[in-house]
Amino acid sequence: MPTTTRQKLVEAATKRFYRDGFRNVGIDQILADVGISKTAFYKHFDSKDDLMLEALDVHDRMMQETFRNMARQRGGEDPVAQLRALFDVVEVLINGATFQGCIFVNAAIEFPLPHEPAHVAAARSKQAMEDVVTGLAAAAGAKDARGLSQELCLLMEGVYVTRHVTGKSEWLNVARRLAERAIGEHLNHE
């Protein structure tokens, strides 16, 4: 549970932005969720945009940690098993009761210009996740760790978007099959 007002603001904002969209949420809604005044808000953030960027940054760090931890829990010490376990993490996320797609894709769609701070934060998050997967791919001995990572990340993104748009989670099975092919191709050193 968040203990500081700043943490409570970030948590409430993340929930609101994820569920209702960044542009659709007014600062007053977040303040009501937290139970503070605008004066108290401005002690922690200069604007709604600053809060939005902090929420994206905190969520990015949490997602990286979630993927690392769950891949390790599900895949054990074997980096190849951890690569496969990435899709277990995706399965947990897309089948969650509050799933509304990927918050970073949502941010990039609402702020489509590449120089907009929310778009930059979304791109930075995608790069960070690619780096996490690249580390696993390198540990697994992939001949092109970055290439394998890009393929797996594209498959994960496809599952998020397709599940969000269609409401169907069976696309995960397709992604797992394609991931197996990619892993096999990149780890075949013959």
# chains A, B, ... in the order shown; residues from 1 in each chain; ligands from 1
$ select_by_dssp --residues "segment 7-179 of chain A" --states "alpha helix (DSSP H)" --output "NGL selection string"
:A and (7-20 or 27-34 or 38-41 or 48-75 or 79-94 or 103-110 or 117-139 or 145-166 or 171-179)
$ residues_around --residues "Val161 of chain A" --least-positions-apart "3" --cutoff "10 Å" --atoms "only C-alpha atoms" --output "list of chain:residue names"
A:Ile94, A:Gln100, A:Gly101, A:Cys102, A:Val105, A:Asn106, A:Met156, A:Glu157, A:Gly158, A:His164, A:Val165, A:Thr166, A:Gly167
$ write_last_selection --atoms "N, CA, C and O atoms" --output "tab-separated table (two decimals), in the first residue's frame"
chain	number	residue	atom	x	y	z
A	94	ILE	N	-2.83	-10.39	-19.60
A	94	ILE	CA	-3.99	-10.23	-20.49
A	94	ILE	C	-5.25	-10.86	-19.91
A	94	ILE	O	-6.35	-10.52	-20.34
A	100	GLN	N	-6.64	-3.53	-19.88
A	100	GLN	CA	-7.12	-2.53	-20.84
A	100	GLN	C	-6.05	-2.29	-21.90
A	100	GLN	O	-5.84	-1.16	-22.34
A	101	GLY	N	-5.34	-3.33	-22.30
A	101	GLY	CA	-4.26	-3.17	-23.26
A	101	GLY	C	-2.98	-2.77	-22.53
A	101	GLY	O	-2.86	-2.92	-21.32
A	102	CYS	N	-2.04	-2.29	-23.28
A	102	CYS	CA	-0.76	-1.84	-22.72
A	102	CYS	C	-0.83	-0.34	-22.47
A	102	CYS	O	-1.13	0.43	-23.39
A	105	VAL	N	1.30	1.62	-24.99
A	105	VAL	CA	0.69	1.73	-26.32
A	105	VAL	C	-0.44	2.76	-26.25
A	105	VAL	O	-0.56	3.62	-27.13
A	106	ASN	N	-1.24	2.68	-25.20
A	106	ASN	CA	-2.32	3.64	-25.02
A	106	ASN	C	-1.79	5.08	-24.98
A	106	ASN	O	-2.35	5.98	-25.60
A	156	MET	N	4.82	-10.37	-28.16
A	156	MET	CA	4.13	-9.97	-26.92
A	156	MET	C	3.23	-8.77	-27.18
A	156	MET	O	2.08	-8.75	-26.74
A	157	GLU	N	3.74	-7.79	-27.94
A	157	GLU	CA	2.93	-6.61	-28.27
A	157	GLU	C	1.69	-7.02	-29.05
A	157	GLU	O	0.59	-6.51	-28.83
A	158	GLY	N	1.88	-7.93	-29.99
A	158	GLY	CA	0.75	-8.41	-30.78
A	158	GLY	C	-0.33	-9.02	-29.92
A	158	GLY	O	-1.53	-8.81	-30.15
A	164	HIS	N	-6.69	-6.89	-26.48
A	164	HIS	CA	-7.42	-5.68	-26.12
A	164	HIS	C	-8.52	-5.37	-27.15
A	164	HIS	O	-9.64	-5.04	-26.79
A	165	VAL	N	-8.19	-5.51	-28.42
A	165	VAL	CA	-9.14	-5.17	-29.48
A	165	VAL	C	-10.25	-6.21	-29.60
A	165	VAL	O	-11.42	-5.87	-29.73
A	166	THR	N	-9.88	-7.49	-29.55
A	166	THR	CA	-10.86	-8.55	-29.81
A	166	THR	C	-11.50	-9.12	-28.55
A	166	THR	O	-12.55	-9.75	-28.62
A	167	GLY	N	-10.83	-8.94	-27.41
A	167	GLY	CA	-11.30	-9.55	-26.18
A	167	GLY	C	-10.97	-11.04	-26.08
A	167	GLY	O	-11.33	-11.69	-25.12
$ closest_residue --among "A:Leu86, A:Ala97, A:Ala118, A:Leu187" --to "Asp57 of chain A" --atoms "only C-alpha atoms"
A:Ala118
$ residues_around --residues "segment 43-51 of chain A" --least-positions-apart "4" --cutoff "7 Å" --atoms "only C-alpha atoms" --output "MDAnalysis selection string"
chainID A and resid 6 10 27 39 55
$ residues_around --residues "Gly135 of chain A" --least-positions-apart "5" --cutoff "12 Å" --atoms "only C-alpha atoms" --output "number ranges by chain"
A: 68, 79-80, 82-83, 128-130, 140-142, 144-150
$ write_last_selection --atoms "N, CA, C and O atoms" --output "compact mmCIF listing (two decimals), in the first residue's frame"
# COMPACT_ATOMS: atom_id res chain seq x y z
N ARG A 68 10.99 -9.69 -15.03
CA ARG A 68 12.20 -10.37 -14.55
C ARG A 68 11.85 -11.42 -13.50
O ARG A 68 12.31 -12.57 -13.58
N PRO A 79 17.94 -19.85 -18.67
CA PRO A 79 17.55 -18.68 -19.45
C PRO A 79 16.60 -19.00 -20.61
O PRO A 79 15.74 -18.18 -20.96
N VAL A 80 16.72 -20.19 -21.21
CA VAL A 80 15.80 -20.56 -22.29
C VAL A 80 14.39 -20.72 -21.73
O VAL A 80 13.41 -20.23 -22.31
N GLN A 82 13.29 -19.25 -19.15
CA GLN A 82 12.84 -17.90 -18.79
C GLN A 82 12.30 -17.16 -20.01
O GLN A 82 11.32 -16.44 -19.92
N LEU A 83 12.94 -17.37 -21.18
CA LEU A 83 12.42 -16.76 -22.41
C LEU A 83 11.02 -17.27 -22.69
O LEU A 83 10.12 -16.50 -23.02
N ALA A 128 13.26 -0.45 -22.88
CA ALA A 128 13.70 -1.09 -21.64
C ALA A 128 13.27 -2.55 -21.59
O ALA A 128 14.04 -3.43 -21.18
N MET A 129 12.04 -2.83 -22.05
CA MET A 129 11.58 -4.22 -22.06
C MET A 129 12.38 -5.03 -23.07
O MET A 129 12.74 -6.17 -22.81
N GLU A 130 12.67 -4.43 -24.21
CA GLU A 130 13.51 -5.12 -25.19
C GLU A 130 14.88 -5.44 -24.59
O GLU A 130 15.44 -6.52 -24.82
N ALA A 140 20.88 -17.03 -22.74
CA ALA A 140 20.48 -18.32 -23.32
C ALA A 140 21.42 -18.75 -24.44
O ALA A 140 21.33 -19.88 -24.91
N GLY A 141 22.30 -17.85 -24.87
CA GLY A 141 23.26 -18.18 -25.92
C GLY A 141 22.77 -17.90 -27.33
O GLY A 141 23.28 -18.48 -28.28
N ALA A 142 21.80 -17.01 -27.47
CA ALA A 142 21.29 -16.68 -28.80
C ALA A 142 22.40 -16.07 -29.65
O ALA A 142 23.18 -15.24 -29.17
N ASP A 144 21.99 -14.07 -32.09
CA ASP A 144 21.62 -12.67 -32.27
C ASP A 144 20.61 -12.32 -31.18
O ASP A 144 19.39 -12.37 -31.41
N ALA A 145 21.13 -12.01 -30.01
CA ALA A 145 20.26 -11.78 -28.85
C ALA A 145 19.29 -10.63 -29.09
O ALA A 145 18.11 -10.72 -28.74
N ARG A 146 19.74 -9.55 -29.71
CA ARG A 146 18.87 -8.40 -29.96
C ARG A 146 17.78 -8.78 -30.96
O ARG A 146 16.63 -8.42 -30.80
N GLY A 147 18.16 -9.51 -31.98
CA GLY A 147 17.18 -9.94 -32.98
C GLY A 147 16.11 -10.83 -32.37
O GLY A 147 14.91 -10.66 -32.64
N LEU A 148 16.51 -11.79 -31.54
CA LEU A 148 15.53 -12.66 -30.88
C LEU A 148 14.64 -11.84 -29.97
O LEU A 148 13.42 -12.02 -29.95
N SER A 149 15.23 -10.92 -29.24
CA SER A 149 14.45 -10.06 -28.36
C SER A 149 13.41 -9.27 -29.13
O SER A 149 12.25 -9.17 -28.72
N GLN A 150 13.79 -8.72 -30.26
CA GLN A 150 12.85 -7.94 -31.06
C GLN A 150 11.69 -8.81 -31.54
O GLN A 150 10.54 -8.39 -31.51
$ residues_around --residues "Pro117 of chain A" --least-positions-apart "2" --cutoff "10 Å" --atoms "only C-alpha atoms" --output "ChimeraX atom specification"
/A:49-50,52-53,107-108,111,113-115,119-123
$ residues_around --residues "Ala85 of chain A" --least-positions-apart "5" --cutoff "12 Å" --atoms "only C-alpha atoms" --output "PyMOL selection string"
chain A and resi 66-80+90-92+133+136+152+156+176+179-180
$ residues_around --residues "Thr14 of chain A" --least-positions-apart "4" --cutoff "10 Å" --atoms "only C-alpha atoms" --output "PyMOL selection string"
chain A and resi 8-10+18-22+30+51-56+58-59+103
$ write_last_selection --atoms "C-alpha atoms" --output "mmCIF file, in the first residue's frame"
data_model
loop_
_atom_site.group_PDB
_atom_site.id
_atom_site.type_symbol
_atom_site.label_atom_id
_atom_site.label_comp_id
_atom_site.auth_asym_id
_atom_site.auth_seq_id
_atom_site.Cartn_x
_atom_site.Cartn_y
_atom_site.Cartn_z
ATOM 1 C CA LYS A 8 -1.020 7.612 -3.580
ATOM 2 C CA LEU A 9 -1.286 10.200 -6.341
ATOM 3 C CA VAL A 10 0.817 8.083 -8.703
ATOM 4 C CA TYR A 18 -5.091 3.155 -17.664
ATOM 5 C CA ARG A 19 -8.838 2.682 -17.358
ATOM 6 C CA ASP A 20 -10.141 5.975 -18.777
ATOM 7 C CA GLY A 21 -7.322 7.369 -20.918
ATOM 8 C CA PHE A 22 -4.848 10.134 -20.235
ATOM 9 C CA ILE A 30 -7.483 11.942 -9.193
ATOM 10 C CA LEU A 51 2.020 13.306 -12.656
ATOM 11 C CA MET A 52 1.315 11.418 -15.878
ATOM 12 C CA LEU A 53 5.028 11.074 -16.655
ATOM 13 C CA GLU A 54 5.784 9.928 -13.122
ATOM 14 C CA ALA A 55 2.968 7.366 -13.345
ATOM 15 C CA LEU A 56 4.380 6.027 -16.621
ATOM 16 C CA VAL A 58 6.794 4.044 -12.046
ATOM 17 C CA HIS A 59 4.683 1.638 -14.090
ATOM 18 C CA ILE A 103 -0.631 1.495 -20.924
#
